[in-house]
>>> print(open('coords.pdb').read())   # PDB, C-alpha atoms and all ligand atoms
ATOM      1  CA  MET A   1      99.220 112.265 129.710  1.00  0.00           C
ATOM      2  CA  ASP A   2     100.496 113.231 133.133  1.00  0.00           C
ATOM      3  CA  GLY A   3      98.755 115.179 135.873  1.00  0.00           C
ATOM      4  CA  ASN A   4      95.312 113.564 136.118  1.00  0.00           C
ATOM      5  CA  GLY A   5      95.815 112.691 139.787  1.00  0.00           C
ATOM      6  CA  ARG A   6      96.951 116.191 140.737  1.00  0.00           C
ATOM      7  CA  TRP A   7      94.118 117.750 138.778  1.00  0.00           C
ATOM      8  CA  ALA A   8      91.632 115.709 140.810  1.00  0.00           C
ATOM      9  CA  ARG A   9      93.335 116.265 144.156  1.00  0.00           C
ATOM     10  CA  ARG A  10      93.266 120.030 143.706  1.00  0.00           C
ATOM     11  CA  ARG A  11      89.491 119.799 143.374  1.00  0.00           C
ATOM     12  CA  GLY A  12      89.011 117.401 146.273  1.00  0.00           C
ATOM     13  CA  LEU A  13      87.989 114.652 143.829  1.00  0.00           C
ATOM     14  CA  PRO A  14      89.161 111.023 143.621  1.00  0.00           C
ATOM     15  CA  ARG A  15      92.104 110.386 141.270  1.00  0.00           C
ATOM     16  CA  THR A  16      89.804 108.342 139.042  1.00  0.00           C
ATOM     17  CA  GLU A  17      87.825 111.490 138.252  1.00  0.00           C
ATOM     18  CA  GLY A  18      91.070 112.995 136.945  1.00  0.00           C
ATOM     19  CA  HIS A  19      91.487 110.038 134.598  1.00  0.00           C
ATOM     20  CA  ARG A  20      87.902 110.386 133.399  1.00  0.00           C
ATOM     21  CA  ARG A  21      88.523 114.038 132.568  1.00  0.00           C
ATOM     22  CA  GLY A  22      91.832 113.011 131.016  1.00  0.00           C
ATOM     23  CA  LEU A  23      90.011 110.740 128.626  1.00  0.00           C
ATOM     24  CA  LEU A  24      87.892 113.690 127.439  1.00  0.00           C
ATOM     25  CA  THR A  25      91.070 115.655 126.795  1.00  0.00           C
ATOM     26  CA  ALA A  26      92.524 112.706 124.883  1.00  0.00           C
ATOM     27  CA  GLU A  27      89.464 112.553 122.639  1.00  0.00           C
ATOM     28  CA  ARG A  28      89.617 116.292 121.956  1.00  0.00           C
ATOM     29  CA  ILE A  29      93.328 116.162 121.138  1.00  0.00           C
ATOM     30  CA  VAL A  30      92.996 113.139 118.826  1.00  0.00           C
ATOM     31  CA  ARG A  31      90.256 114.909 116.901  1.00  0.00           C
ATOM     32  CA  PHE A  32      92.184 118.190 116.682  1.00  0.00           C
ATOM     33  CA  ALA A  33      95.429 116.492 115.629  1.00  0.00           C
ATOM     34  CA  GLY A  34      93.728 114.737 112.749  1.00  0.00           C
ATOM     35  CA  GLU A  35      91.051 117.160 111.625  1.00  0.00           C
ATOM     36  CA  GLU A  36      92.814 120.481 112.138  1.00  0.00           C
ATOM     37  CA  LEU A  37      96.504 119.679 111.899  1.00  0.00           C
ATOM     38  CA  GLY A  38      96.505 116.609 109.668  1.00  0.00           C
ATOM     39  CA  ILE A  39      99.014 114.849 111.898  1.00  0.00           C
ATOM     40  CA  PRO A  40      99.284 111.300 110.551  1.00  0.00           C
ATOM     41  CA  TYR A  41     100.695 109.594 113.655  1.00  0.00           C
ATOM     42  CA  LEU A  42      99.695 110.267 117.251  1.00  0.00           C
ATOM     43  CA  THR A  43     100.654 108.189 120.283  1.00  0.00           C
ATOM     44  CA  LEU A  44      99.038 108.484 123.713  1.00  0.00           C
ATOM     45  CA  TYR A  45     100.752 106.971 126.744  1.00  0.00           C
ATOM     46  CA  ALA A  46      97.802 105.655 128.757  1.00  0.00           C
ATOM     47  CA  PHE A  47      99.167 102.881 131.006  1.00  0.00           C
ATOM     48  CA  SER A  48     102.742 101.892 131.686  1.00  0.00           C
ATOM     49  CA  LYS A  49     104.122  98.553 132.860  1.00  0.00           C
ATOM     50  CA  GLU A  50     104.953 100.341 136.103  1.00  0.00           C
ATOM     51  CA  ASN A  51     101.354 101.525 136.558  1.00  0.00           C
ATOM     52  CA  TRP A  52     100.345  98.038 137.794  1.00  0.00           C
ATOM     53  CA  GLN A  53     101.895  99.111 141.099  1.00  0.00           C
ATOM     54  CA  ARG A  54      99.175 101.718 141.681  1.00  0.00           C
ATOM     55  CA  PRO A  55      96.300 100.955 144.086  1.00  0.00           C
ATOM     56  CA  PRO A  56      94.173  98.100 142.677  1.00  0.00           C
ATOM     57  CA  GLU A  57      91.040 100.291 142.405  1.00  0.00           C
ATOM     58  CA  GLU A  58      92.918 102.762 140.217  1.00  0.00           C
ATOM     59  CA  VAL A  59      94.371 100.013 138.000  1.00  0.00           C
ATOM     60  CA  GLU A  60      90.933  98.483 137.607  1.00  0.00           C
ATOM     61  CA  PHE A  61      89.468 101.871 136.741  1.00  0.00           C
ATOM     62  CA  LEU A  62      92.079 102.571 134.063  1.00  0.00           C
ATOM     63  CA  ILE A  63      91.464  99.175 132.477  1.00  0.00           C
ATOM     64  CA  GLU A  64      87.702  99.833 132.515  1.00  0.00           C
ATOM     65  CA  LEU A  65      88.234 103.260 130.987  1.00  0.00           C
ATOM     66  CA  MET A  66      90.341 101.823 128.205  1.00  0.00           C
ATOM     67  CA  GLY A  67      87.583  99.281 127.480  1.00  0.00           C
ATOM     68  CA  GLU A  68      85.005 102.056 127.430  1.00  0.00           C
ATOM     69  CA  PHE A  69      87.094 104.113 125.029  1.00  0.00           C
ATOM     70  CA  ILE A  70      87.640 101.175 122.688  1.00  0.00           C
ATOM     71  CA  ARG A  71      83.941 100.234 122.663  1.00  0.00           C
ATOM     72  CA  GLU A  72      82.507 103.720 122.389  1.00  0.00           C
ATOM     73  CA  LYS A  73      84.960 105.126 119.880  1.00  0.00           C
ATOM     74  CA  ARG A  74      85.172 102.116 117.576  1.00  0.00           C
ATOM     75  CA  LYS A  75      82.598 103.559 115.208  1.00  0.00           C
ATOM     76  CA  LEU A  76      84.273 106.972 115.216  1.00  0.00           C
ATOM     77  CA  LEU A  77      87.660 105.437 114.410  1.00  0.00           C
ATOM     78  CA  VAL A  78      86.189 103.495 111.512  1.00  0.00           C
ATOM     79  CA  GLU A  79      84.190 106.465 110.163  1.00  0.00           C
ATOM     80  CA  ASN A  80      87.268 108.669 110.242  1.00  0.00           C
ATOM     81  CA  GLU A  81      89.496 105.936 108.836  1.00  0.00           C
ATOM     82  CA  ILE A  82      91.872 105.971 111.774  1.00  0.00           C
ATOM     83  CA  ARG A  83      94.048 102.918 112.221  1.00  0.00           C
ATOM     84  CA  LEU A  84      94.390 101.912 115.852  1.00  0.00           C
ATOM     85  CA  ARG A  85      97.467 100.238 117.209  1.00  0.00           C
ATOM     86  CA  ILE A  86      98.189  99.231 120.774  1.00  0.00           C
ATOM     87  CA  LEU A  87     101.776  99.513 121.908  1.00  0.00           C
ATOM     88  CA  GLY A  88     102.219  97.085 124.777  1.00  0.00           C
ATOM     89  CA  ASP A  89     101.582  93.538 125.939  1.00  0.00           C
ATOM     90  CA  LEU A  90      97.980  92.619 125.260  1.00  0.00           C
ATOM     91  CA  GLU A  91      98.471  89.117 126.680  1.00  0.00           C
ATOM     92  CA  GLU A  92      98.571  90.417 130.247  1.00  0.00           C
ATOM     93  CA  LEU A  93      95.252  92.247 129.969  1.00  0.00           C
ATOM     94  CA  PRO A  94      91.853  90.823 130.953  1.00  0.00           C
ATOM     95  CA  PRO A  95      90.401  88.665 128.133  1.00  0.00           C
ATOM     96  CA  SER A  96      87.305  90.884 127.806  1.00  0.00           C
ATOM     97  CA  LEU A  97      89.453  93.969 127.116  1.00  0.00           C
ATOM     98  CA  ARG A  98      91.648  91.995 124.727  1.00  0.00           C
ATOM     99  CA  GLU A  99      88.632  90.917 122.727  1.00  0.00           C
ATOM    100  CA  GLU A 100      87.365  94.500 122.436  1.00  0.00           C
ATOM    101  CA  VAL A 101      90.813  95.707 121.431  1.00  0.00           C
ATOM    102  CA  GLU A 102      91.355  92.939 118.883  1.00  0.00           C
ATOM    103  CA  LYS A 103      88.006  93.613 117.281  1.00  0.00           C
ATOM    104  CA  THR A 104      88.899  97.291 116.822  1.00  0.00           C
ATOM    105  CA  LEU A 105      92.390  96.489 115.549  1.00  0.00           C
ATOM    106  CA  GLU A 106      90.851  94.208 112.942  1.00  0.00           C
ATOM    107  CA  LEU A 107      88.238  96.767 111.864  1.00  0.00           C
ATOM    108  CA  THR A 108      90.805  99.535 111.397  1.00  0.00           C
ATOM    109  CA  ARG A 109      93.641  97.420 109.980  1.00  0.00           C
ATOM    110  CA  GLY A 110      93.234  98.642 106.411  1.00  0.00           C
ATOM    111  CA  PHE A 111      93.456 102.380 107.117  1.00  0.00           C
ATOM    112  CA  GLU A 112      96.603 104.228 106.126  1.00  0.00           C
ATOM    113  CA  ARG A 113      96.068 107.973 106.493  1.00  0.00           C
ATOM    114  CA  TYR A 114      95.722 108.431 110.250  1.00  0.00           C
ATOM    115  CA  HIS A 115      97.323 106.288 112.910  1.00  0.00           C
ATOM    116  CA  LEU A 116      96.414 106.370 116.577  1.00  0.00           C
ATOM    117  CA  ASN A 117      98.722 104.453 118.885  1.00  0.00           C
ATOM    118  CA  ILE A 118      97.694 103.878 122.459  1.00  0.00           C
ATOM    119  CA  ALA A 119     100.541 102.750 124.669  1.00  0.00           C
ATOM    120  CA  PHE A 120      98.876 100.471 127.193  1.00  0.00           C
ATOM    121  CA  ASN A 121     100.727  98.063 129.460  1.00  0.00           C
ATOM    122  CA  TYR A 122     103.769  99.517 127.730  1.00  0.00           C
ATOM    123  CA  GLY A 123     107.388  99.965 128.763  1.00  0.00           C
ATOM    124  CA  GLY A 124     110.262 101.030 126.511  1.00  0.00           C
ATOM    125  CA  ARG A 125     112.842  98.712 128.081  1.00  0.00           C
ATOM    126  CA  GLN A 126     110.435  95.793 127.930  1.00  0.00           C
ATOM    127  CA  GLU A 127     109.723  96.563 124.261  1.00  0.00           C
ATOM    128  CA  ILE A 128     113.452  96.452 123.448  1.00  0.00           C
ATOM    129  CA  LEU A 129     113.915  93.155 125.313  1.00  0.00           C
ATOM    130  CA  ARG A 130     110.908  91.670 123.564  1.00  0.00           C
ATOM    131  CA  ALA A 131     112.415  92.626 120.203  1.00  0.00           C
ATOM    132  CA  VAL A 132     115.761  91.044 121.141  1.00  0.00           C
ATOM    133  CA  ARG A 133     114.045  87.814 122.216  1.00  0.00           C
ATOM    134  CA  GLN A 134     112.058  87.602 118.992  1.00  0.00           C
ATOM    135  CA  ILE A 135     115.123  88.293 116.863  1.00  0.00           C
ATOM    136  CA  VAL A 136     117.057  85.531 118.653  1.00  0.00           C
ATOM    137  CA  THR A 137     114.158  83.098 118.174  1.00  0.00           C
ATOM    138  CA  ASP A 138     113.765  84.012 114.500  1.00  0.00           C
ATOM    139  CA  ARG A 139     117.505  83.656 113.905  1.00  0.00           C
ATOM    140  CA  LEU A 140     117.642  80.284 115.678  1.00  0.00           C
ATOM    141  CA  GLU A 141     114.618  79.049 113.785  1.00  0.00           C
ATOM    142  CA  GLY A 142     116.077  80.120 110.465  1.00  0.00           C
ATOM    143  CA  ARG A 143     113.619  82.897 109.622  1.00  0.00           C
ATOM    144  CA  LEU A 144     116.219  85.627 109.134  1.00  0.00           C
ATOM    145  CA  ASN A 145     118.273  84.027 106.371  1.00  0.00           C
ATOM    146  CA  GLY A 146     121.512  85.602 107.584  1.00  0.00           C
ATOM    147  CA  GLU A 147     120.078  89.153 107.382  1.00  0.00           C
ATOM    148  CA  PRO A 148     122.334  91.599 109.254  1.00  0.00           C
ATOM    149  CA  ILE A 149     120.960  92.614 112.654  1.00  0.00           C
ATOM    150  CA  ASP A 150     121.000  96.355 112.100  1.00  0.00           C
ATOM    151  CA  GLU A 151     118.700  99.294 112.925  1.00  0.00           C
ATOM    152  CA  ARG A 152     116.461  98.625 109.968  1.00  0.00           C
ATOM    153  CA  LEU A 153     115.849  95.058 111.047  1.00  0.00           C
ATOM    154  CA  PHE A 154     115.476  95.973 114.714  1.00  0.00           C
ATOM    155  CA  ARG A 155     112.700  98.467 113.964  1.00  0.00           C
ATOM    156  CA  ARG A 156     110.618  95.728 112.405  1.00  0.00           C
ATOM    157  CA  TYR A 157     110.426  94.039 115.812  1.00  0.00           C
ATOM    158  CA  LEU A 158     109.095  97.060 117.692  1.00  0.00           C
ATOM    159  CA  TYR A 159     105.416  97.753 118.332  1.00  0.00           C
ATOM    160  CA  THR A 160     105.796 100.742 116.023  1.00  0.00           C
ATOM    161  CA  ALA A 161     107.052  98.651 113.077  1.00  0.00           C
ATOM    162  CA  GLY A 162     106.473 100.495 109.810  1.00  0.00           C
ATOM    163  CA  GLN A 163     105.946 103.876 111.468  1.00  0.00           C
ATOM    164  CA  PRO A 164     108.309 106.863 111.459  1.00  0.00           C
ATOM    165  CA  ASP A 165     109.961 107.940 114.709  1.00  0.00           C
ATOM    166  CA  PRO A 166     108.031 110.645 116.586  1.00  0.00           C
ATOM    167  CA  ASP A 167     108.995 114.229 115.721  1.00  0.00           C
ATOM    168  CA  LEU A 168     107.674 115.755 118.921  1.00  0.00           C
ATOM    169  CA  LEU A 169     107.086 114.418 122.427  1.00  0.00           C
ATOM    170  CA  ILE A 170     104.789 116.465 124.639  1.00  0.00           C
ATOM    171  CA  ARG A 171     104.835 115.815 128.373  1.00  0.00           C
ATOM    172  CA  THR A 172     102.177 117.459 130.508  1.00  0.00           C
ATOM    173  CA  GLY A 173     102.316 117.819 134.301  1.00  0.00           C
ATOM    174  CA  GLY A 174     105.786 119.360 134.379  1.00  0.00           C
ATOM    175  CA  GLU A 175     108.037 116.301 134.948  1.00  0.00           C
ATOM    176  CA  GLU A 176     111.238 116.482 132.949  1.00  0.00           C
ATOM    177  CA  ARG A 177     111.806 112.795 132.330  1.00  0.00           C
ATOM    178  CA  ILE A 178     111.013 110.107 129.769  1.00  0.00           C
ATOM    179  CA  SER A 179     109.458 107.491 132.092  1.00  0.00           C
ATOM    180  CA  ASN A 180     110.237 104.474 129.913  1.00  0.00           C
ATOM    181  CA  PHE A 181     108.404 105.848 126.868  1.00  0.00           C
ATOM    182  CA  LEU A 182     109.403 104.731 123.350  1.00  0.00           C
ATOM    183  CA  LEU A 183     113.064 104.601 124.347  1.00  0.00           C
ATOM    184  CA  TRP A 184     114.325 103.391 120.973  1.00  0.00           C
ATOM    185  CA  GLN A 185     112.060 105.589 118.863  1.00  0.00           C
ATOM    186  CA  ILE A 186     112.688 108.950 120.551  1.00  0.00           C
ATOM    187  CA  ALA A 187     116.464 109.063 120.039  1.00  0.00           C
ATOM    188  CA  TYR A 188     116.139 112.349 118.072  1.00  0.00           C
ATOM    189  CA  THR A 189     112.631 113.427 119.052  1.00  0.00           C
ATOM    190  CA  GLU A 190     112.119 117.029 120.156  1.00  0.00           C
ATOM    191  CA  LEU A 191     110.858 117.318 123.740  1.00  0.00           C
ATOM    192  CA  TRP A 192     108.290 119.839 124.940  1.00  0.00           C
ATOM    193  CA  VAL A 193     107.299 119.961 128.612  1.00  0.00           C
ATOM    194  CA  THR A 194     104.404 121.947 130.024  1.00  0.00           C
ATOM    195  CA  GLU A 195     103.270 122.467 133.606  1.00  0.00           C
ATOM    196  CA  THR A 196      99.663 122.144 132.448  1.00  0.00           C
ATOM    197  CA  LEU A 197      97.971 119.077 133.938  1.00  0.00           C
ATOM    198  CA  TRP A 198      96.623 116.716 131.263  1.00  0.00           C
ATOM    199  CA  PRO A 199      92.894 117.346 131.910  1.00  0.00           C
ATOM    200  CA  ASP A 200      93.541 121.080 131.355  1.00  0.00           C
ATOM    201  CA  PHE A 201      95.583 120.579 128.163  1.00  0.00           C
ATOM    202  CA  THR A 202      93.850 122.238 125.209  1.00  0.00           C
ATOM    203  CA  PRO A 203      94.051 122.126 121.405  1.00  0.00           C
ATOM    204  CA  GLU A 204      95.410 125.722 121.604  1.00  0.00           C
ATOM    205  CA  GLU A 205      98.341 124.598 123.742  1.00  0.00           C
ATOM    206  CA  PHE A 206      98.901 121.612 121.481  1.00  0.00           C
ATOM    207  CA  LEU A 207      99.089 123.987 118.527  1.00  0.00           C
ATOM    208  CA  ALA A 208     101.535 126.216 120.437  1.00  0.00           C
ATOM    209  CA  ALA A 209     103.781 123.170 121.001  1.00  0.00           C
ATOM    210  CA  VAL A 210     103.666 122.245 117.316  1.00  0.00           C
ATOM    211  CA  GLU A 211     104.438 125.828 116.282  1.00  0.00           C
ATOM    212  CA  GLU A 212     107.403 125.979 118.619  1.00  0.00           C
ATOM    213  CA  TYR A 213     108.581 122.627 117.302  1.00  0.00           C
ATOM    214  CA  GLN A 214     108.438 124.009 113.748  1.00  0.00           C
ATOM    215  CA  CYS A 215     110.958 126.697 114.705  1.00  0.00           C
ATOM    216  CA  ARG A 216     113.503 124.242 116.066  1.00  0.00           C
ATOM    217  CA  GLU A 217     116.565 123.274 114.115  1.00  0.00           C
ATOM    218  CA  ARG A 218     116.863 119.501 113.953  1.00  0.00           C
ATOM    219  CA  ARG A 219     120.433 118.449 113.304  1.00  0.00           C
ATOM    220  CA  PHE A 220     120.300 114.693 114.023  1.00  0.00           C
ATOM    221  CA  GLY A 221     123.858 114.891 115.306  1.00  0.00           C
ATOM    222  CA  GLN A 222     125.158 116.611 112.168  1.00  0.00           C
ATOM    223  CA  VAL A 223     126.433 120.123 111.456  1.00  0.00           C
ATOM    224  CA  LEU A 224     124.066 122.070 109.200  1.00  0.00           C
ATOM    225  CA  GLN A 225     125.595 124.277 106.525  1.00  0.00           C
ATOM    226  CA  PRO A 226     124.786 128.007 107.027  1.00  0.00           C
TER     227      PRO A 226
HETATM  228  C1  LIG B 301      99.150 109.875 134.504  1.00  0.00           C
HETATM  229  O1  LIG B 301      98.691 110.836 135.444  1.00  0.00           O
HETATM  230  C2  LIG B 301      98.015 109.319 133.782  1.00  0.00           C
HETATM  231  C3  LIG B 301      97.716 107.988 133.699  1.00  0.00           C
HETATM  232  C4  LIG B 301      98.521 106.949 134.338  1.00  0.00           C
HETATM  233  C5  LIG B 301      96.507 107.538 132.968  1.00  0.00           C
HETATM  234  C6  LIG B 301      96.215 108.208 131.660  1.00  0.00           C
HETATM  235  C7  LIG B 301      94.931 107.687 131.143  1.00  0.00           C
HETATM  236  C8  LIG B 301      93.956 108.432 130.583  1.00  0.00           C
HETATM  237  C9  LIG B 301      94.069 109.887 130.317  1.00  0.00           C
HETATM  238  C10 LIG B 301      92.649 107.792 130.209  1.00  0.00           C
HETATM  239  C11 LIG B 301      92.768 106.654 129.229  1.00  0.00           C
HETATM  240  C12 LIG B 301      93.057 107.131 127.867  1.00  0.00           C
HETATM  241  C13 LIG B 301      92.809 106.415 126.733  1.00  0.00           C
HETATM  242  C14 LIG B 301      93.116 107.010 125.410  1.00  0.00           C
HETATM  243  C15 LIG B 301      92.203 105.072 126.782  1.00  0.00           C
HETATM  244  P1  LIG B 301      98.906 110.590 136.989  1.00  0.00           P
HETATM  245  O2  LIG B 301      97.787 109.753 137.491  1.00  0.00           O
HETATM  246  O3  LIG B 301     100.283 110.032 137.201  1.00  0.00           O
HETATM  247  O4  LIG B 301      98.792 112.037 137.568  1.00  0.00           O
HETATM  248  P2  LIG B 301      99.671 112.685 138.744  1.00  0.00           P
HETATM  249  O5  LIG B 301     101.088 112.730 138.243  1.00  0.00           O
HETATM  250  O6  LIG B 301      99.087 114.027 138.891  1.00  0.00           O
HETATM  251  O7  LIG B 301      99.485 111.806 139.948  1.00  0.00           O
END
>>> encode(input="coords.pdb", output="structure tokens")
Amino acid sequence: MDGNGRWARRRGLPRTEGHRRGLLTAERIVRFAGEELGIPYLTLYAFSKENWQRPPEEVEFLIELMGEFIREKRKLLVENEIRLRILGDLEELPPSLREEVEKTLELTRGFERYHLNIAFNYGGRQEILRAVRQIVTDRLEGRLNGEPIDERLFRRYLYTAGQPDPDLLIRTGGEERISNFLLWQIAYTELWVTETLWPDFTPEEFLAAVEEYQCRERRFGQVLQP
């Protein structure tokens, strides 16, 4: 969800105001994806491991905003039967936010139709290392029973365990890079970059991205027969 800072700067507003507007966009897009498009899995990249290096006021604001979202939207998630998952290290977050998050995770655990992932305190490289460490521990402690360490097993150790890989990755704000996002999972994901800054991103543009995606030929490294 890139471009909040630039959106604010262009209006002479503090960067935090861009994030606040970005949260409104996120809510609109989550609703549209589920209600109008029936997309079963949606992931929002809200806070990366690298984002801790931003000015402390901005970090604090983003953590507050996440708490606000989790508290205020808990009821909506439950009513719409949306299962929430957080991709990222919860242990490093303030205990008050963790409690709010854990409560929501528990309340939505049983839902199967719609899945909302929020990547928060997330990094793709860190996720892969975490999986490797857990596999080593499980192997040493005899929990893997000689199972082969292959892709199928590896996936079970990712935050996205049990979920399909993303079909489409949308990056707003015009940067043409991955920025440590779901590195394992996006091996064959289609990329779609727009110059639009996240607060200005609309359901119409989201639909345009999905429609363009539907016209792409996905070969997964193979040759398709004519
Ligand atoms: C990147 O834009 C955006 C972020 C680091 C924060 C995104 C967070 C939200 C939209 C709100 C929280 C959302 C949820 C669902 C809890 P940037 O600040 O790097 O913008 P710039 O590239 O223009 O500087």
>>> residues_near_ligand(input="coords.pdb", ligand="ligand LIG 301 (chain B)", cutoff="8 Å", atoms="all atoms listed in the file", output="PyMOL selection string")
chain A and resi 1-8+15+18-27+44-48+51+62+65-70+118+173+197-199
>>> write_last_selection(input="coords.pdb", atoms="C-alpha atoms", output="PDB file, keeping the file's coordinate frame")
ATOM      1  CA  MET A   1      99.220 112.265 129.710  1.00  0.00           C
ATOM      2  CA  ASP A   2     100.496 113.231 133.133  1.00  0.00           C
ATOM      3  CA  GLY A   3      98.755 115.179 135.873  1.00  0.00           C
ATOM      4  CA  ASN A   4      95.312 113.564 136.118  1.00  0.00           C
ATOM      5  CA  GLY A   5      95.815 112.691 139.787  1.00  0.00           C
ATOM      6  CA  ARG A   6      96.951 116.191 140.737  1.00  0.00           C
ATOM      7  CA  TRP A   7      94.118 117.750 138.778  1.00  0.00           C
ATOM      8  CA  ALA A   8      91.632 115.709 140.810  1.00  0.00           C
ATOM      9  CA  ARG A  15      92.104 110.386 141.270  1.00  0.00           C
ATOM     10  CA  GLY A  18      91.070 112.995 136.945  1.00  0.00           C
ATOM     11  CA  HIS A  19      91.487 110.038 134.598  1.00  0.00           C
ATOM     12  CA  ARG A  20      87.902 110.386 133.399  1.00  0.00           C
ATOM     13  CA  ARG A  21      88.523 114.038 132.568  1.00  0.00           C
ATOM     14  CA  GLY A  22      91.832 113.011 131.016  1.00  0.00           C
ATOM     15  CA  LEU A  23      90.011 110.740 128.626  1.00  0.00           C
ATOM     16  CA  LEU A  24      87.892 113.690 127.439  1.00  0.00           C
ATOM     17  CA  THR A  25      91.070 115.655 126.795  1.00  0.00           C
ATOM     18  CA  ALA A  26      92.524 112.706 124.883  1.00  0.00           C
ATOM     19  CA  GLU A  27      89.464 112.553 122.639  1.00  0.00           C
ATOM     20  CA  LEU A  44      99.038 108.484 123.713  1.00  0.00           C
ATOM     21  CA  TYR A  45     100.752 106.971 126.744  1.00  0.00           C
ATOM     22  CA  ALA A  46      97.802 105.655 128.757  1.00  0.00           C
ATOM     23  CA  PHE A  47      99.167 102.881 131.006  1.00  0.00           C
ATOM     24  CA  SER A  48     102.742 101.892 131.686  1.00  0.00           C
ATOM     25  CA  ASN A  51     101.354 101.525 136.558  1.00  0.00           C
ATOM     26  CA  LEU A  62      92.079 102.571 134.063  1.00  0.00           C
ATOM     27  CA  LEU A  65      88.234 103.260 130.987  1.00  0.00           C
ATOM     28  CA  MET A  66      90.341 101.823 128.205  1.00  0.00           C
ATOM     29  CA  GLY A  67      87.583  99.281 127.480  1.00  0.00           C
ATOM     30  CA  GLU A  68      85.005 102.056 127.430  1.00  0.00           C
ATOM     31  CA  PHE A  69      87.094 104.113 125.029  1.00  0.00           C
ATOM     32  CA  ILE A  70      87.640 101.175 122.688  1.00  0.00           C
ATOM     33  CA  ILE A 118      97.694 103.878 122.459  1.00  0.00           C
ATOM     34  CA  GLY A 173     102.316 117.819 134.301  1.00  0.00           C
ATOM     35  CA  LEU A 197      97.971 119.077 133.938  1.00  0.00           C
ATOM     36  CA  TRP A 198      96.623 116.716 131.263  1.00  0.00           C
ATOM     37  CA  PRO A 199      92.894 117.346 131.910  1.00  0.00           C
TER      38      PRO A 199
END
>>> atom_distance(input="coords.pdb", atom1="CA of Phe206 in chain A", atom2="CA of Thr172 in chain A")
10.5 Å
>>> closest_residue(input="coords.pdb", among="A:Leu153, A:Ile186, A:Leu42, A:Ile178", to="Ala119 in chain A", atoms="all atoms listed in the file")
A:Leu42
>>> closest_residue(input="coords.pdb", among="A:Ser96, A:Thr202, A:Thr137, A:Thr189", to="Arg216 in chain A", atoms="all atoms listed in the file")
A:Thr189
>>> residues_around(input="coords.pdb", residues="Tyr188 in chain A", least_positions_apart="6", cutoff="12 Å", atoms="all atoms listed in the file", output="ChimeraX atom specification")
/A:164-169,182,217-222
>>> build_atoms(input="coords.pdb", residues="range 66-70 of chain A", atoms="all heavy atoms", output="PDB file, keeping the file's coordinate frame")
ATOM      1  N   MET A  66      89.791 102.202 129.509  1.00  0.00           N
ATOM      2  CA  MET A  66      90.341 101.823 128.205  1.00  0.00           C
ATOM      3  C   MET A  66      89.281 101.018 127.429  1.00  0.00           C
ATOM      4  O   MET A  66      89.048 101.263 126.243  1.00  0.00           O
ATOM      5  CB  MET A  66      91.607 100.988 128.425  1.00  0.00           C
ATOM      6  CG  MET A  66      92.203 100.431 127.173  1.00  0.00           C
ATOM      7  SD  MET A  66      92.917 101.713 126.131  1.00  0.00           S
ATOM      8  CE  MET A  66      93.692 100.686 124.887  1.00  0.00           C
ATOM      9  N   GLY A  67      88.623 100.099 128.117  1.00  0.00           N
ATOM     10  CA  GLY A  67      87.583  99.281 127.480  1.00  0.00           C
ATOM     11  C   GLY A  67      86.454 100.164 126.965  1.00  0.00           C
ATOM     12  O   GLY A  67      85.968  99.994 125.845  1.00  0.00           O
ATOM     13  N   GLU A  68      86.089 101.136 127.795  1.00  0.00           N
ATOM     14  CA  GLU A  68      85.005 102.056 127.430  1.00  0.00           C
ATOM     15  C   GLU A  68      85.382 102.841 126.168  1.00  0.00           C
ATOM     16  O   GLU A  68      84.601 102.963 125.242  1.00  0.00           O
ATOM     17  CB  GLU A  68      84.822 103.008 128.608  1.00  0.00           C
ATOM     18  CG  GLU A  68      83.500 103.701 128.689  1.00  0.00           C
ATOM     19  CD  GLU A  68      83.470 104.543 129.968  1.00  0.00           C
ATOM     20  OE1 GLU A  68      83.559 103.966 131.073  1.00  0.00           O
ATOM     21  OE2 GLU A  68      83.365 105.781 129.851  1.00  0.00           O
ATOM     22  N   PHE A  69      86.609 103.332 126.179  1.00  0.00           N
ATOM     23  CA  PHE A  69      87.094 104.113 125.029  1.00  0.00           C
ATOM     24  C   PHE A  69      87.052 103.266 123.758  1.00  0.00           C
ATOM     25  O   PHE A  69      86.550 103.691 122.721  1.00  0.00           O
ATOM     26  CB  PHE A  69      88.527 104.596 125.303  1.00  0.00           C
ATOM     27  CG  PHE A  69      89.165 105.285 124.136  1.00  0.00           C
ATOM     28  CD1 PHE A  69      88.902 106.617 123.867  1.00  0.00           C
ATOM     29  CD2 PHE A  69      90.029 104.599 123.287  1.00  0.00           C
ATOM     30  CE1 PHE A  69      89.476 107.260 122.779  1.00  0.00           C
ATOM     31  CE2 PHE A  69      90.607 105.227 122.192  1.00  0.00           C
ATOM     32  CZ  PHE A  69      90.331 106.562 121.946  1.00  0.00           C
ATOM     33  N   ILE A  70      87.562 102.051 123.864  1.00  0.00           N
ATOM     34  CA  ILE A  70      87.640 101.175 122.688  1.00  0.00           C
ATOM     35  C   ILE A  70      86.244 100.850 122.165  1.00  0.00           C
ATOM     36  O   ILE A  70      85.994 100.861 120.966  1.00  0.00           O
ATOM     37  CB  ILE A  70      88.401  99.860 123.058  1.00  0.00           C
ATOM     38  CG1 ILE A  70      89.859 100.167 123.383  1.00  0.00           C
ATOM     39  CG2 ILE A  70      88.278  98.801 121.975  1.00  0.00           C
ATOM     40  CD1 ILE A  70      90.694 100.598 122.202  1.00  0.00           C
TER      41      ILE A  70
END
